[in-house]
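Peer 1: My structure is in structure11.txt, and what it holds is compact mmCIF, C-alpha atoms:
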# COMPACT_ATOMS: atom_id res chain seq x y z
CA MET A 22 115.63 223.68 178.85
CA LEU A 23 118.19 224.98 181.32
CA HIS A 24 121.45 226.35 179.99
CA ALA A 25 124.22 225.64 182.46
CA LEU A 26 127.93 226.29 182.62
CA VAL A 27 130.05 223.82 184.56
CA VAL A 28 133.42 225.14 185.69
CA SER A 29 136.04 222.46 185.11
CA ASN A 30 139.43 222.11 186.69
CA GLY A 31 140.47 219.43 184.23
CA ILE A 32 140.00 216.80 186.91
CA VAL A 33 139.53 213.20 185.85
CA GLY A 34 135.89 211.97 185.81
CA LEU A 35 134.15 215.35 185.84
CA ASN A 36 132.75 215.33 182.30
CA GLU A 37 130.88 212.04 182.90
CA SER A 38 128.93 213.63 185.76
CA TYR A 39 127.52 216.49 183.69
CA VAL A 40 126.10 215.07 180.44
CA SER A 41 123.44 217.15 178.65
CA ASN A 42 119.92 215.68 178.71
CA GLU A 43 116.28 216.68 178.17
CA LEU A 44 116.34 218.99 181.21
CA VAL A 45 119.68 220.74 180.91
CA ASP A 46 122.24 221.71 178.31
CA TYR A 47 125.69 221.73 179.92
CA ARG A 48 128.63 223.75 178.66
CA ILE A 49 131.85 222.68 180.34
CA GLU A 50 134.52 225.36 180.51
CA VAL A 51 138.04 224.42 181.56
CA ILE A 52 139.91 226.92 183.70
CA THR A 53 143.01 228.47 182.17
CA ALA A 54 145.30 231.31 183.20
CA ASP A 55 142.91 233.75 181.47
CA PHE A 56 139.68 232.30 182.85
CA ASP A 57 136.86 234.74 182.09
CA PRO A 58 133.73 232.80 181.08
CA ASP A 59 130.85 234.40 179.20
CA LEU A 60 127.82 233.93 181.46
CA SER A 61 125.34 235.62 179.13
CA GLY A 62 122.41 233.45 178.07
CA LEU A 63 122.93 231.04 180.95
CA ASP A 64 120.49 230.12 183.72
CA LEU A 65 122.77 228.10 185.95
CA LEU A 66 126.42 228.17 187.01
CA ILE A 67 127.76 224.96 188.58
CA VAL A 68 131.00 224.87 190.54
CA PRO A 69 131.57 221.16 191.14
CA ASN A 70 133.67 219.34 193.68
CA GLY A 71 137.39 219.87 193.05
CA SER A 72 137.06 223.37 191.62
CA ASP A 73 139.58 226.20 191.45
CA HIS A 74 138.55 228.86 193.96
CA VAL A 75 141.42 231.14 193.02
CA ALA A 76 139.94 231.34 189.52
CA MET A 77 136.44 231.80 190.98
CA LEU A 78 137.70 234.72 193.07
CA LYS A 79 138.85 236.40 189.84
CA ILE A 80 135.27 236.31 188.49
CA LYS A 81 133.57 237.19 191.78
CA ASP A 82 131.95 240.32 190.33
CA GLN A 83 130.60 238.45 187.27
CA VAL A 84 129.06 235.82 189.57
CA ALA A 85 127.38 238.52 191.69
CA ALA A 86 125.98 240.18 188.56
CA PHE A 87 124.77 236.79 187.26
CA LEU A 88 122.87 236.21 190.52
CA ASP A 89 121.43 239.71 190.50
CA GLN A 90 119.88 238.87 187.12
CA GLY A 91 117.85 236.19 188.92
CA ASN A 92 119.92 233.17 187.91
CA THR A 93 121.08 230.17 189.92
CA VAL A 94 124.56 229.35 191.23
CA CYS A 95 125.40 225.94 192.71
CA CYS A 96 128.67 225.38 194.53
CA PHE A 97 129.32 221.77 195.53
CA CYS A 98 132.87 222.37 196.75
CA GLY A 99 134.75 224.03 199.62
CA TRP A 100 135.09 227.70 198.65
CA PHE A 101 137.95 229.01 200.80
CA THR A 102 138.00 232.32 198.91
CA ASN A 103 135.12 234.72 199.43
CA TRP A 104 133.57 234.67 195.96
CA VAL A 105 130.12 233.41 197.14
CA PRO A 106 127.93 236.36 198.21
CA GLY A 107 127.04 236.32 201.90
CA ASN A 108 128.04 232.73 202.66
CA GLN A 109 131.42 231.24 203.55
CA TRP A 110 132.67 227.67 203.71
CA ILE A 111 135.13 226.95 206.52
CA HIS A 112 137.23 223.85 206.98
CA ASP A 113 137.34 222.32 210.44
CA ASN A 114 138.93 219.12 211.72
CA ARG A 115 138.04 219.53 215.41
CA LYS A 116 135.17 217.12 214.94
CA ALA A 117 135.98 213.69 213.52
CA THR A 118 134.16 213.09 210.25
CA LYS A 119 133.18 209.61 211.44
CA ASP A 120 130.91 211.32 213.98
CA VAL A 121 129.10 213.39 211.34
CA PHE A 122 125.43 212.52 210.83
CA LEU A 123 123.35 214.72 208.56
CA SER A 124 119.72 215.68 209.07
CA VAL A 125 117.27 217.83 207.13
CA ARG A 126 116.39 221.14 208.80
CA THR A 127 114.50 223.47 206.38
CA ASP A 128 113.57 222.04 202.99
CA ARG A 129 110.82 224.28 201.64
CA TYR A 130 111.26 223.04 198.05
CA GLY A 131 111.40 219.35 198.91
CA LEU A 132 114.93 218.78 197.65
CA PHE A 133 115.18 215.68 199.84
CA ASP A 134 111.64 214.41 199.22
CA GLY A 135 111.81 210.70 198.41
CA LEU A 136 115.56 210.55 198.96
CA ASP A 137 117.33 208.22 201.35
CA LEU A 138 119.43 210.32 203.74
CA ASP A 139 121.45 207.22 204.63
CA LYS A 140 122.94 207.46 201.12
CA PHE A 141 124.54 210.72 202.27
CA ASN A 142 125.43 209.44 205.74
CA TYR A 143 126.97 206.09 204.80
CA ASN A 144 129.23 204.92 202.03
CA ASN A 145 130.10 201.22 202.34
CA GLY A 146 129.46 201.54 206.05
CA ILE A 147 131.75 204.57 206.44
CA THR A 148 130.22 207.72 207.94
CA GLY A 149 131.14 211.34 207.38
CA TRP A 150 132.18 210.80 203.78
CA TRP A 151 130.02 213.33 201.91
CA ALA A 152 130.89 216.76 203.28
CA CYS A 153 133.73 218.47 205.14
CA GLY A 154 133.75 221.52 207.40
CA TYR A 155 130.64 223.70 207.54
CA ILE A 156 129.04 226.79 206.01
CA LYS A 157 128.76 230.12 207.76
CA ALA A 158 125.35 230.85 206.28
CA SER A 159 124.00 234.25 205.31
CA PRO A 160 121.22 235.57 207.61
CA GLY A 161 117.87 234.52 206.16
CA ALA A 162 119.28 231.66 204.11
CA ASP A 163 117.72 228.22 204.56
CA VAL A 164 119.88 225.58 206.17
CA VAL A 165 118.68 222.53 204.26
CA LEU A 166 121.07 220.05 205.85
CA GLU A 167 122.84 220.28 209.18
CA ASP A 168 125.42 218.06 210.85
CA THR A 169 125.54 216.42 214.28
CA TRP A 170 126.40 219.75 215.90
CA HIS A 171 123.70 221.71 213.94
CA ARG A 172 126.25 223.34 211.66
CA PRO A 173 125.03 224.19 208.13
CA ILE A 174 126.13 221.61 205.57
CA MET A 175 123.78 222.51 202.71
CA VAL A 176 122.33 225.99 202.27
CA LEU A 177 119.66 227.38 199.96
CA ASP A 178 119.85 231.15 199.75
CA GLU A 179 117.41 233.32 197.81
CA MET A 180 117.62 236.24 200.24
CA THR A 181 121.17 237.59 199.80
CA THR A 182 120.85 238.28 196.05
CA ASN A 183 118.08 238.34 193.46
CA GLY A 184 119.12 234.87 192.43
CA LEU A 185 119.24 231.42 194.00
CA MET A 186 122.32 229.88 195.57
CA ILE A 187 122.52 226.19 196.48
CA LEU A 188 125.69 225.45 198.40
CA THR A 189 127.18 222.34 200.02
CA ALA A 190 130.10 222.09 202.42
CA SER A 191 132.10 220.40 199.66
CA GLY A 192 129.54 217.57 199.31
CA PRO A 193 129.67 216.49 195.65
CA VAL A 194 126.47 216.64 193.59
CA GLY A 195 126.17 215.55 189.97
CA ASP A 196 124.33 213.23 187.63
CA TYR A 197 125.56 209.94 189.07
CA ARG A 198 122.55 207.93 187.82
CA ARG A 199 124.80 205.45 186.05
CA ARG A 200 126.14 204.36 189.41
CA PRO A 201 123.73 201.75 190.87
CA GLY A 202 121.51 202.81 193.75
CA ASN A 203 121.95 206.54 193.23
CA ASP A 204 118.44 207.51 192.13
CA ASP A 205 117.43 208.19 195.73
CA GLY A 206 120.87 209.50 196.66
CA ILE A 207 123.11 212.15 195.10
CA ALA A 208 121.69 211.71 191.61
CA GLY A 209 118.19 212.25 193.01
CA LEU A 210 119.29 215.42 194.78
CA ASN A 211 120.87 216.61 191.54
CA GLN A 212 117.58 216.09 189.67
CA HIS A 213 115.62 217.98 192.32
CA ILE A 214 118.07 220.90 192.16
CA LEU A 215 117.82 221.05 188.38
CA GLN A 216 114.02 220.94 188.56
CA LEU A 217 114.03 223.81 191.06
CA ALA A 218 116.34 225.86 188.84
CA ALA A 219 114.05 225.13 185.87
CA GLN A 220 110.93 226.20 187.80
CA ARG A 221 112.71 229.36 188.84
CA LYS A 222 113.66 230.12 185.25
CA GLU A 223 110.06 229.60 184.13
CA THR A 224 108.71 231.91 186.84
CA HIS A 225 111.36 234.49 186.05
CA GLU A 226 110.48 234.48 182.34
CA THR A 227 106.72 234.63 183.06
CA ASN A 228 107.22 237.63 185.32
CA ARG A 229 109.34 239.33 182.69
CA ILE A 230 106.62 238.84 180.03
CA GLY A 231 104.03 240.13 182.52
CA VAL A 232 106.03 243.33 183.02
CA MET B 25 162.29 230.28 203.88
CA LYS B 26 159.84 227.68 202.59
CA GLN B 27 161.53 224.63 201.11
CA ILE B 28 158.82 222.84 199.13
CA GLY B 29 156.45 224.18 196.50
CA LEU B 30 152.94 222.74 196.35
CA VAL B 31 151.72 223.05 192.79
CA PHE B 32 148.25 224.36 193.40
CA ASN B 33 145.22 224.57 191.15
CA GLY B 34 142.84 226.23 193.60
CA VAL B 35 141.42 223.02 195.13
CA TRP B 36 140.40 223.38 198.77
CA SER B 37 142.09 220.27 200.13
CA GLN B 38 145.44 221.37 198.69
CA TYR B 39 144.91 224.81 200.21
CA ALA B 40 143.90 223.30 203.59
CA PHE B 41 147.12 221.31 203.67
CA ALA B 42 149.49 224.14 202.75
CA THR B 43 147.86 226.66 205.12
CA ALA B 44 147.73 224.28 208.11
CA PRO B 45 149.99 225.67 210.87
CA LYS B 46 151.92 222.40 210.91
CA TYR B 47 152.97 222.75 207.25
CA ARG B 48 152.63 226.39 206.25
CA GLU B 49 156.23 227.35 207.11
CA ILE B 50 157.52 224.52 204.91
CA TYR B 51 155.18 224.46 201.89
CA GLU B 52 154.64 227.35 199.50
CA LEU B 53 151.55 227.42 197.31
CA VAL B 54 152.55 227.80 193.66
CA TYR B 55 149.45 228.50 191.57
CA VAL B 56 149.76 226.26 188.54
CA HIS B 57 148.62 228.94 186.09
CA GLU B 58 151.47 231.20 187.26
CA LEU B 59 154.17 228.53 187.57
CA ASP B 60 157.43 229.38 185.83
CA HIS B 61 161.16 229.01 186.54
CA GLU B 62 161.36 232.26 188.49
CA LYS B 63 158.53 231.22 190.85
CA ILE B 64 160.13 227.90 191.80
CA GLN B 65 163.90 228.32 191.51
CA HIS B 66 164.38 229.09 195.24
CA LEU B 67 162.66 225.84 196.29
CA LYS B 68 164.30 222.50 197.08
CA ALA B 69 161.43 220.37 195.83
CA LEU B 70 157.96 220.42 194.27
CA VAL B 71 154.88 218.37 195.06
CA ILE B 72 152.26 217.94 192.35
CA PRO B 73 149.22 216.61 194.24
CA PHE B 74 146.24 214.53 193.17
CA GLN B 75 143.46 216.63 191.59
CA SER B 76 145.93 218.69 189.62
CA ASN B 77 145.01 220.41 186.37
CA GLN B 78 146.82 218.12 183.95
CA GLU B 79 146.39 220.37 180.91
CA ALA B 80 147.96 223.23 182.83
CA LEU B 81 150.90 220.98 183.77
CA VAL B 82 151.46 220.19 180.09
CA ARG B 83 151.85 223.92 179.49
CA ARG B 84 154.34 224.20 182.40
CA LYS B 85 156.38 221.11 181.43
CA ASP B 86 159.58 222.99 180.52
CA ALA B 87 159.78 224.70 183.92
CA LEU B 88 159.22 221.37 185.69
CA TYR B 89 162.01 219.57 183.82
CA ARG B 90 164.38 222.54 184.21
CA PHE B 91 163.75 222.28 187.96
CA LEU B 92 164.61 218.57 187.88
CA GLY B 93 167.68 219.38 185.80
CA ASP B 94 168.89 221.57 188.67
CA ASP B 95 169.24 218.34 190.71
CA LYS B 96 166.03 218.91 192.66
CA LYS B 97 163.12 216.63 193.54
CA ILE B 98 159.54 216.47 192.23
CA ALA B 99 156.88 214.19 193.74
CA VAL B 100 153.74 213.56 191.66
CA PHE B 101 150.59 212.01 193.12
CA GLY B 102 147.39 210.62 191.61
CA ASP B 103 146.82 210.66 187.86
CA SER B 104 149.05 212.17 185.18
CA LEU B 105 149.19 212.69 181.43
CA PRO B 106 151.94 211.24 179.20
CA LEU B 107 152.09 214.64 177.51
CA TRP B 108 154.17 215.90 180.45
CA LEU B 109 155.16 212.73 182.37
CA ASP B 110 156.79 209.97 180.29
CA ALA B 111 154.63 207.22 181.77
CA GLN B 112 151.16 205.75 181.25
CA TRP B 113 148.63 206.17 184.05
CA GLU B 114 145.40 204.13 183.89
CA ASP B 115 142.26 204.58 185.93
CA ARG B 116 140.95 201.88 188.27
CA PRO B 117 137.91 201.85 190.58
CA VAL B 118 138.82 203.51 193.87
CA ASN B 119 138.45 201.13 196.80
CA ASN B 120 138.53 203.31 199.90
CA TYR B 121 136.51 200.90 202.01
CA TRP B 122 138.75 197.79 201.83
CA TRP B 123 139.67 198.24 205.50
CA VAL B 124 135.99 197.71 206.39
CA LYS B 125 135.03 195.01 203.89
CA ASP B 126 138.28 193.11 203.34
CA PRO B 127 140.97 194.33 205.75
CA ASN B 128 143.47 191.64 204.81
CA ASN B 129 143.49 192.62 201.17
CA PRO B 130 144.80 196.21 200.84
CA PRO B 131 145.20 197.88 197.41
CA ILE B 132 149.00 197.69 197.73
CA SER B 133 150.69 194.37 198.42
CA GLU B 134 154.38 195.13 197.92
CA THR B 135 156.37 198.09 199.27
CA ASN B 136 160.11 198.81 199.37
CA TYR B 137 160.47 199.93 202.97
CA GLU B 138 164.12 200.83 202.34
CA HIS B 139 163.01 203.97 200.48
CA PRO B 140 163.35 207.05 202.76
CA VAL B 141 159.66 207.93 202.50
CA TYR B 142 158.65 204.44 203.63
CA GLN B 143 161.34 203.66 206.22
CA GLY B 144 159.68 202.87 209.54
CA LEU B 145 156.12 203.10 208.20
CA LYS B 146 153.62 200.39 209.07
CA PRO B 147 151.84 198.83 206.06
CA ARG B 148 148.63 200.67 207.03
CA HIS B 149 150.49 203.99 206.86
CA ALA B 150 152.05 203.18 203.49
CA CYS B 151 148.70 202.42 201.84
CA TRP B 152 145.22 203.85 202.35
CA HIS B 153 143.77 203.80 198.82
CA ILE B 154 145.03 204.37 195.28
CA HIS B 155 143.82 206.29 192.24
CA GLY B 156 144.77 204.07 189.32
CA VAL B 157 148.02 202.40 188.35
CA TYR B 158 151.00 202.95 186.04
CA THR B 159 151.22 200.53 183.13
CA ARG B 160 154.39 202.09 181.71
CA ILE B 161 157.20 204.00 183.42
CA PRO B 162 160.52 205.39 182.13
CA GLU B 163 163.30 202.87 181.47
CA ASN B 164 165.52 202.01 184.43
CA SER B 165 163.07 203.48 186.93
CA GLU B 166 162.90 202.01 190.40
CA VAL B 167 159.55 200.49 191.40
CA ILE B 168 158.68 201.19 195.04
CA GLN B 169 155.11 199.88 195.39
CA ARG B 170 152.92 197.41 193.48
CA ASN B 171 149.42 195.99 193.88
CA ASP B 172 148.60 192.27 194.08
CA LYS B 173 148.41 192.06 190.27
CA GLY B 174 151.96 193.37 189.99
CA GLU B 175 150.78 196.72 188.63
CA ILE B 176 152.93 199.73 189.52
CA ILE B 177 151.67 202.16 192.15
CA THR B 178 154.84 204.07 193.10
CA TRP B 179 158.12 204.57 191.23
CA GLN B 180 161.02 206.98 190.85
CA THR B 181 163.76 207.85 188.40
CA ASP B 182 166.86 210.03 188.34
CA ARG B 183 167.12 210.18 184.56
CA TYR B 184 166.23 213.90 184.42
CA GLY B 185 168.91 215.07 186.87
CA GLY B 186 167.16 215.22 190.22
CA VAL B 187 164.67 212.65 191.50
CA LEU B 188 161.22 212.30 189.94
CA PHE B 189 158.97 210.33 192.32
CA ALA B 190 155.45 209.33 191.22
CA SER B 191 152.66 207.52 193.03
CA THR B 192 148.93 206.99 192.57
CA LEU B 193 148.46 207.52 196.30
CA ASP B 194 146.96 210.89 197.26
CA PRO B 195 148.59 211.95 200.55
CA ILE B 196 148.33 215.74 200.21
CA VAL B 197 144.66 215.91 199.21
CA GLU B 198 143.56 213.32 201.80
CA HIS B 199 145.63 214.93 204.56
CA GLY B 200 143.99 218.27 203.76
CA ILE B 201 140.53 216.68 203.85
CA GLN B 202 141.30 215.14 207.28
CA GLN B 203 138.95 212.19 206.98
CA ILE B 204 141.92 209.81 207.27
CA ARG B 205 143.68 210.72 210.49
CA HIS B 206 146.94 208.75 210.23
CA LEU B 207 148.47 210.49 207.23
CA ASP B 208 150.93 212.52 209.32
CA ASN B 209 153.08 209.39 209.24
CA TYR B 210 153.40 209.34 205.45
CA VAL B 211 153.36 213.07 204.79
CA ASP B 212 155.95 213.89 207.45
CA LYS B 213 158.35 211.30 206.01
CA LEU B 214 157.71 212.66 202.53
CA THR B 215 158.30 216.23 203.73
CA ALA B 216 161.58 215.29 205.43
CA TRP B 217 162.79 213.52 202.28
CA LEU B 218 161.85 216.40 199.98
CA GLY B 219 162.71 219.40 202.12
CA GLY B 220 165.10 218.16 204.79
CA VAL B 221 162.85 219.26 207.63
CA ARG B 222 160.45 217.10 209.64
CA PRO B 223 157.15 218.78 210.62
CA GLU B 224 156.11 218.67 214.27
CA GLY B 225 152.79 218.35 216.06
CA ALA B 226 149.24 217.60 214.99
CA PHE B 227 147.36 218.82 211.92
CA GLY B 228 145.21 221.83 212.77
CA VAL B 229 143.10 224.17 210.66
CA ASP B 230 143.57 227.93 210.82
CA ARG B 231 140.01 229.18 210.37
CA GLU B 232 141.32 232.68 209.72
CA ALA B 233 142.69 231.36 206.43
CA TYR B 234 139.13 230.86 205.12
CA GLY B 235 137.14 233.57 203.39
CA ILE B 236 140.20 235.26 201.92
CA ALA B 237 139.78 238.07 199.42
CA GLU B 238 143.14 237.86 197.68
CA LEU B 239 145.11 235.13 196.00
CA PRO B 240 147.15 233.08 198.46
CA THR B 241 150.21 233.26 196.24
CA GLU B 242 150.08 237.05 196.43
CA ALA B 243 149.66 236.86 200.21
CA SER B 244 152.70 234.61 200.41
CA ARG B 245 154.77 237.07 198.43
CA LEU B 246 153.73 239.94 200.67
CA ALA B 247 154.57 237.89 203.77
CA LEU B 248 158.00 237.09 202.37
CA ARG B 249 158.61 240.73 201.54
CA SER B 250 157.65 241.96 205.00
CA GLY B 251 159.66 239.15 206.61
Go through the file and emit its structure as structure tokens.
Peer 2:
Amino acid sequence: MLHALVVSNGIVGLNESYVSNELVDYRIEVITADFDPDLSGLDLLIVPNGSDHVAMLKIKDQVAAFLDQGNTVCCFCGWFTNWVPGNQWIHDNRKATKDVFLSVRTDRYGLFDGLDLDKFNYNNGITGWWACGYIKASPGADVVLEDTWHRPIMVLDEMTTNGLMILTASGPVGDYRRRPGNDDGIAGLNQHILQLAAQRKETHETNRIGV
Amino acid sequence: MKQIGLVFNGVWSQYAFATAPKYREIYELVYVHELDHEKIQHLKALVIPFQSNQEALVRRKDALYRFLGDDKKIAVFGDSLPLWLDAQWEDRPVNNYWWVKDPNNPPISETNYEHPVYQGLKPRHACWHIHGVYTRIPENSEVIQRNDKGEIITWQTDRYGGVLFASTLDPIVEHGIQQIRHLDNYVDKLTAWLGGVRPEGAFGVDREAYGIAELPTEASRLALRSG
């Protein structure tokens, strides 16, 4: 069982996308003026779409320490502050979003296996809906998804820290299984990410026992 | 001197809007968790955008109504809570693809084009998509936009001193995202009405504004001090 903290900005609809299940126990923590979450005992930190990156900047050091303990951080939002180690999201409107088409570049853990990439490229016939801008990826990080101009849109980074970072250029990811047709779309990607975080936790704990 | 405060809860699209060269000399980011009378008293108007932290706004209610009491304007977009806004917002499915599937049936069917924000706008510029409706608004408020069921989308009242304008449209967040490319029309009218100055030019992104290591509100204060 994964223990995850979801950072909440009090935005409508967020709680329905992160409901605890057999794989993960979610704790949702709403940001306040004194935001200082306790990350001890957690395996996974999720920063969903619509998050407060001023508040995240305030806990930058805690996030770095959490990763150095071998844990996983997922950011599915545009982080304009520099709280994510080694990687930076940058907004850009020089390319029209309607011209954005995503493709898989390096997917060593099969995060997109069995998924329909068209679910990320089209929404009711509209293109360029899922992500905005691009990621300036850390050297050595995997670019899982790239856009039409080969810019990183989804990054998997287990090189910059001792932990795992899964980052999207603001593309939302959550448990959207209740929405029809999502099992091979965003909800499927969410499941694959959770499974990877769970495998990583298991390996981490086995190694610790071995030591 | 910046004229309009953008109540900001750290969301990237709000930040992208307020730091865009076209708007950054007009809008000042006001971090919602630091909002008080002192931080906003020099401003002519406030915008509370979609994707705001509603619980935080409840805690800042007194400062907001004191601002209105000083005969100033506040524009609220998207959802709201009756704990700070005396109205009832209700969620509805977001239809942001009507222009592809059913272009003759937009989510707003009635607009008062005499209102300064809407004067001269084409229907397409006055409506892109909505986030819910209002089922109750303060007595004697003026309704500005409705959907085809007669539900209220946009309204305003002067009962608190200045003008409180509310709409379930989301112009600031969508303009910051830049997927919809015609929002200059709406936002520039809104800006002129709120702040008395009409922005010029096209929306651009300052890439130097990304990857910052200090709070933007602090940076704004330092810039003001050095200026």
Peer 1: Taking (144.8, 221.7, 211.7) in the file's own coordinates, collect the residues within 7 Å, counting all atoms listed in the file, and hand them back as a VMD selection string.
Peer 2: (chain A and resid 114) or (chain B and resid 44 to 45 226 to 230)
Peer 1: Next, write the just-selected residues to a file, as a short mmCIF file (atom, residue, chain, number, x, y, z; two decimals), keeping the file's coordinate frame, keeping C-alpha atoms as the atom set.
Peer 2:
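Printed below is result-v3.cif as written:
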data_model
loop_
_atom_site.label_atom_id
_atom_site.label_comp_id
_atom_site.auth_asym_id
_atom_site.auth_seq_id
_atom_site.Cartn_x
_atom_site.Cartn_y
_atom_site.Cartn_z
CA ASN A 114 138.93 219.12 211.72
CA ALA B 44 147.73 224.28 208.11
CA PRO B 45 149.99 225.67 210.87
CA ALA B 226 149.24 217.60 214.99
CA PHE B 227 147.36 218.82 211.92
CA GLY B 228 145.21 221.83 212.77
CA VAL B 229 143.10 224.17 210.66
CA ASP B 230 143.57 227.93 210.82
#
Peer 1: Kindly indicate which residue among A:Val33, A:Leu88, A:Ile174, A:Leu166 lies nearest to chain B, using all atoms listed in the file for the distances.
Peer 2: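 Smallest distance to chain B is found for A:Val33.
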Peer 1: Show me as a VMD selection string the residues that reach within 8 Å of (126.9, 211.8, 205.0), counting all atoms listed in the file and using the file's own coordinates.
Peer 2: chain A and resid 121 to 123 138 to 144 148 to 152
Peer 1: Taking C-alpha atoms for each residue, export the selection above as a PDB file, in the frame of the given file.
Peer 2:
ATOM      1  CA  VAL A 121     129.100 213.390 211.340  1.00  0.00           C
ATOM      2  CA  PHE A 122     125.430 212.520 210.830  1.00  0.00           C
ATOM      3  CA  LEU A 123     123.350 214.720 208.560  1.00  0.00           C
ATOM      4  CA  LEU A 138     119.430 210.320 203.740  1.00  0.00           C
ATOM      5  CA  ASP A 139     121.450 207.220 204.630  1.00  0.00           C
ATOM      6  CA  LYS A 140     122.940 207.460 201.120  1.00  0.00           C
ATOM      7  CA  PHE A 141     124.540 210.720 202.270  1.00  0.00           C
ATOM      8  CA  ASN A 142     125.430 209.440 205.740  1.00  0.00           C
ATOM      9  CA  TYR A 143     126.970 206.090 204.800  1.00  0.00           C
ATOM     10  CA  ASN A 144     129.230 204.920 202.030  1.00  0.00           C
ATOM     11  CA  THR A 148     130.220 207.720 207.940  1.00  0.00           C
ATOM     12  CA  GLY A 149     131.140 211.340 207.380  1.00  0.00           C
ATOM     13  CA  TRP A 150     132.180 210.800 203.780  1.00  0.00           C
ATOM     14  CA  TRP A 151     130.020 213.330 201.910  1.00  0.00           C
ATOM     15  CA  ALA A 152     130.890 216.760 203.280  1.00  0.00           C
TER      16      ALA A 152
END
Peer 1: Give as a VMD selection string every residue of chain B that touches chain A within 7 Å, counting only C-alpha atoms.
Peer 2: chain B and resid 33 to 36 57 75 to 79 121 202 to 203 228 to 229 231 234 to 237 239
Peer 1: In Å, rounded to a single decimal, give me how far CA of Gly195 (chain A) is from CA of Ile207 (chain A).
Peer 2: 6.9 Å
Peer 1: For CA of Pro106 (chain A) and CA of Asp89 (chain A), determine how far apart the two atoms are, in Å to one decimal place.
Peer 2: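 Separation of CA of Pro106 (chain A) and CA of Asp89 (chain A): 10.6 Å.
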Peer 1: Fewer than 2 positions away in the same chain doesn't count, so skip those; otherwise give me all residues within 8 Å of Ile64 (chain B), counting all atoms listed in the file, as a PyMOL selection string.
Peer 2: chain B and resi 29+54+59-62+66-67+91
Peer 1: Keeping only C-alpha atoms, write the selected residues as a PDB file, in the frame of the given file.
Peer 2:
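Listed below is the output, again.pdb:
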ATOM      1  CA  GLY B  29     156.450 224.180 196.500  1.00  0.00           C
ATOM      2  CA  VAL B  54     152.550 227.800 193.660  1.00  0.00           C
ATOM      3  CA  LEU B  59     154.170 228.530 187.570  1.00  0.00           C
ATOM      4  CA  ASP B  60     157.430 229.380 185.830  1.00  0.00           C
ATOM      5  CA  HIS B  61     161.160 229.010 186.540  1.00  0.00           C
ATOM      6  CA  GLU B  62     161.360 232.260 188.490  1.00  0.00           C
ATOM      7  CA  HIS B  66     164.380 229.090 195.240  1.00  0.00           C
ATOM      8  CA  LEU B  67     162.660 225.840 196.290  1.00  0.00           C
ATOM      9  CA  PHE B  91     163.750 222.280 187.960  1.00  0.00           C
TER      10      PHE B  91
END
Peer 1: Between A:Ala219, A:Pro173, A:Ala86, A:Glu43, which is the closest to Asp64 (chain A) once you count only C-alpha atoms?
Peer 2: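 Counting only C-alpha atoms, the residue closest to Asp64 (chain A) is A:Ala219.
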Peer 1: Tell me which of A:Met186, A:Asp57, A:Phe97, A:Val68 sits closest to Asp82 (chain A), counting all atoms listed in the file.
Peer 2: A:Asp57
Peer 1: Just the number, please: distance in Å from CA of Arg170 (chain B) to CA of Val141 (chain B), one decimal.
Peer 2: 15.4 Å
Peer 1: Rank nothing, just name the residue among A:Thr127, A:Thr189, A:Asn36, A:Ser159 nearest to Cys96 (chain A), using only C-alpha atoms.
Peer 2: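 When distances to Cys96 (chain A) are compared using only C-alpha atoms, the smallest one comes from A:Thr189.
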Peer 1: Give me the box for region 176-185 of chain B as AutoDock Vina command-line options, namely the centre and edge lengths in Å to one decimal of a box along x, y and z that holds every listed atom plus 5 Å on each side.
Peer 2:
--center_x 160.3 --center_y 207.4 --center_z 188.8 --size_x 27.2 --size_y 25.3 --size_z 18.7
Peer 1: Have a look at B:Ile72, B:Ala42, B:Cys151, B:Ile132 and name the one nearest to Ala99 (chain B); count all atoms listed in the file.
Peer 2: B:Ile72
Peer 1: Can you pull out every residue within 10 Å of Tyr130 (chain A), counting all atoms listed in the file, but drop anything in the same chain fewer than 2 positions away, and send it as number ranges by chain?
Peer 2: A: 127-128, 132-134, 165, 177, 213-214, 217
